[in-house]
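Student: My questions all concern the structure below.
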Amino acid sequence: MRSFNILGADKQSDPASTGLGNRPEMLRRKSIAHNAYILVVAALMLMPPAIYALVLGVSLPFLLATMVLAGGLVSLTMHQRGQVESSAATQVATLMATGMVLTLADPRLGDAGLAMAVMGPVLAALVARTMLRRMSWLALAPVAVLGVVASLLGLPSAPVADAFLLSCAAGGFAIAFAVVAQSAHRINAAYEVHDKAQISAYRHLIEHVQDAVLRFSPDGSILLASRSSEFLFGCPRYQIVGDKLSDRLHVMDRPSFLTAFADAAEDGRSRTIEVRLRQDDPRARSNVPCFVWAEMQLSPIIEDGARSTRNEVITLIRDISARKDAETAMAEARRVAEDASQAKSRFLATIGHELRTPLNAVVGFSEMMSSGIGGELSPTHKEYAGLIQQSGKHLLEVVGMLLDMSRIEAGKFEIQAEHMDPTEIVPACIAMVDQLAHEQKVQLVSEIEANLPTMTADERVCRQIMINLLSNAIKFSHEGGLVTAAVKRQGQSISFSVRDRGIGMAPAAMARIGEPFFQVQDGLARKYEGTGLGLSIVKGLVELHGGTLRAMSEIGAGTTITVLLPINGPATKPGETADILPLFSEPAAAAPISWPNEKRKAQ
């Protein structure tokens with residue numbers, strides 16, 4: 001049975017919600033008010049004949065008219081006060097009470113009184129809430145039981161003439177029928193308005209949505225095309241309706257579309273695919289088709305109770321050519337960047353090897369000249385030979401760092417993890433940088449914790465890490481400064497730390513520690529020399545060991561660099577370190593898509 005509750009009026013609502021935004025509830029309230037008016041008007045019309053019957057000694061018509069009038073007035077008053085549910089309950093109670101009186105007045109089974117009482121639950125089903133509907137059907141049971149008992153036991157009927165009893169039964173049933181008919185008419189009007197509003201809203205949505213909307217029959221023919229589809233396909237929509245969409249798809253994308261359509265039409269599954277659509281251009285001077293990328297969302301139209309094995313399909317199509325162009329441009333930019341990075345790494349590796357050989361000769365021969373092997377030199381020439389030797393060693397260090405960085409970036413820096421004693425690292429490294437510390441008038445101190453366990457690591461790499469840290473600390477320390485190298489255990493790791501009391505670093509510089517070629521003091525007038533590769537190489541070597549690099553610094557108070565290496569060594573030992581160590585972080589991108597070259601391919 002249709003009711004206002006099916007349209008959404010079964011929820012509790014307040015008077016403020018009865019506007020156009022809740023039209024079913026508004027119609028329900030109006031229907032209850034009209035029912036109250038019908039009861040009042042009908043009772044007033046029946047009151048004169050009822051009074052006449054009362055004068056003749058027949059009280060039943062007057063009793064019934066009074067009950068209907070009282071019920072109508074009470075219902076109307078409650079409705080005007082906003083008590084809509086109480087008003088509806090009063091109407092239902094009035095019909096059932098009047099029907100019960102007629103049932104007792106006429107003991108015959110199946111009289112009009114019982115029929116009038118049945119109208120009460122019917123009215124409740126049309127305009128009342130769920131609770132009142134249940135209560136009305138439960139209240140009908142005693143009325144029916146009284147009617148059956150009165151009929152079986154032959155209870156004396158009221159002293160009413162048959163004509164008056166027939167008139168009362170006809171009038172009561174007519175009133176109940178009028179109330180129920182008026183409510184049913186309102187429900188049909190509400191459904192008609194609701195259906196028209198829904199259809200109008202859907203039509204407006206389809207015609208004005210930005211994406212193209214297509215409706216397919218179960219066999220794949222286009223039944224409906226929205227206005228926006230004309231812009232996507234480049235032709236009027238009447239040329240689209242009735243055709244197969246696969247005829248407009250790129251030949252490479254037809255299998256994916258047919259599979260997705262079958263999933264939606266047969267299996268009832270929604271699918272989203274990306275295809276290339278042919279876009280017509282009447283102004284084009286050539287017959288070469290133009291394809292655009294589109295995203296299609298296919299959803300089946302599943303109707304309740306439908307027995308068909310295939311469903312109609314509704315499809316939303318969006319032009320994503322701009323996104324595909326951006327993805328292609330990004331992939332191309334990534335490829336160019338990767339080529340440039342590889343070219344840079346190859347250049348560094350090549351030029352490093354090319355520079356190392358002559359530099360070794362320069363350093364070797366300058367050392368021979370300084371030692372007097374080729375003959376005694378004058379003091380001036382000996383000074384020049386010493387400068388040549390010092391500069392050559394510096395260049396060899398730079399070339400070595402460039403080669404290390406290029407090998408790390410290229411994934412060719414392999415570590416040989418073996419058992420080693422961490423307490424032997426610091427003394428050996430201090431001995432190697434002692435001469436540099438003496439020249440800078442910096443004191444070196446070591447703090448080594450006792451009973452350290454044996455760790456698994458590459459001893460050569462650990463020495464290189466510590467030497468780089470000590471060299472940096474000495475370089476940025478003041479004359480007479482102190483540099484402390486400490487080794488201790490920290491959980492499942494061994495901590496190697498170097499602390500100085502030098503110039504320190506600002507927070508902005510701290511965030512960039514480990515970047516290749518980054519220096520705290522930039523520019524040609526910087527006080528401290530260097531390439532800015534030391535800490536970046538340290539960071540790469542630490543990550544190869546599965547460790548972490550930490551730094552704490554304060555301007556004017558010094559810097560502490562801490563390296564944590566796992567006692568058990570790296571978790572994995574890959575053949576290529578490039579799999580785990582990108583020094584230059586780059587955003588991930590999809591595989592290159594060469595779809596623009598396919599846009600002009602014929603079907």
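Following the order of the structure tokens, chains are lettered A, B, ..., residues in each are numbered from 1, and ligands are numbered from 1.
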List the neighbours of region 241-256 of chain A out to 6 Å using only C-alpha atoms; skip same-chain residues closer than 6 positions along the sequence, and give me the result as a PyMOL selection string.
Tutor: chain A and resi 221-223+275-278+603
Student: Keeping C-alpha atoms for every residue in the selection just given, could you write it to a file as a short mmCIF file (atom, residue, chain, number, x, y, z; two decimals), in the first residue's frame?
Tutor:
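And here's out-v1.cif as it stands now:
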```cif
data_model
loop_
_atom_site.label_atom_id
_atom_site.label_comp_id
_atom_site.auth_asym_id
_atom_site.auth_seq_id
_atom_site.Cartn_x
_atom_site.Cartn_y
_atom_site.Cartn_z
CA SER A 221 23.82 0.12 -28.34
CA ILE A 222 23.72 3.72 -27.15
CA LEU A 223 20.21 4.63 -25.99
CA VAL A 275 40.50 4.47 -23.47
CA ARG A 276 41.15 6.54 -26.56
CA LEU A 277 38.08 7.96 -28.30
CA ARG A 278 37.87 9.23 -31.83
CA GLN A 603 42.04 2.23 -36.91
#
```
Student: Near Arg460 (chain A), within 10 Å and counting only C-alpha atoms, which residues show up once chain neighbours fewer than 2 positions away are dropped, as a list in words?
Tutor: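 In the requested format, the answer is Ile415, Gln416, Ala417, Ile425, Ala457, Asp458, Cys462, Arg463, Gln464 and Ile465 of chain A.
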Student: Quick check, in Å to one decimal: how far apart do CA of Pro427 (chain A) and CA of Glu367 (chain A) lie?
Tutor: 27.4 Å
Student: Do you know which residues are at most 12 Å from Gln210 (chain A) counting only C-alpha atoms, after dropping those on the same chain fewer than 4 positions away, and could you put them as JSON, numbers by chain?
Tutor: {"A": [204, 205, 206, 226, 227, 228, 229, 230, 231, 232, 316, 317, 318, 319]}
Student: From the options A:Val313, A:Val58, A:Ala124, A:Met552, which residue's atoms come nearest to Leu224 (chain A), counting only C-alpha atoms?
Tutor: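 Among A:Val313, A:Val58, A:Ala124, A:Met552, it is A:Val313 that comes nearest to Leu224 (chain A).
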Student: One decimal, in Å: what's the spacing between CA of Ser371 (chain A) and CA of Leu395 (chain A)?
Tutor: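 Answer for the CA of Ser371 (chain A) to CA of Leu395 (chain A) separation: 20.9 Å.
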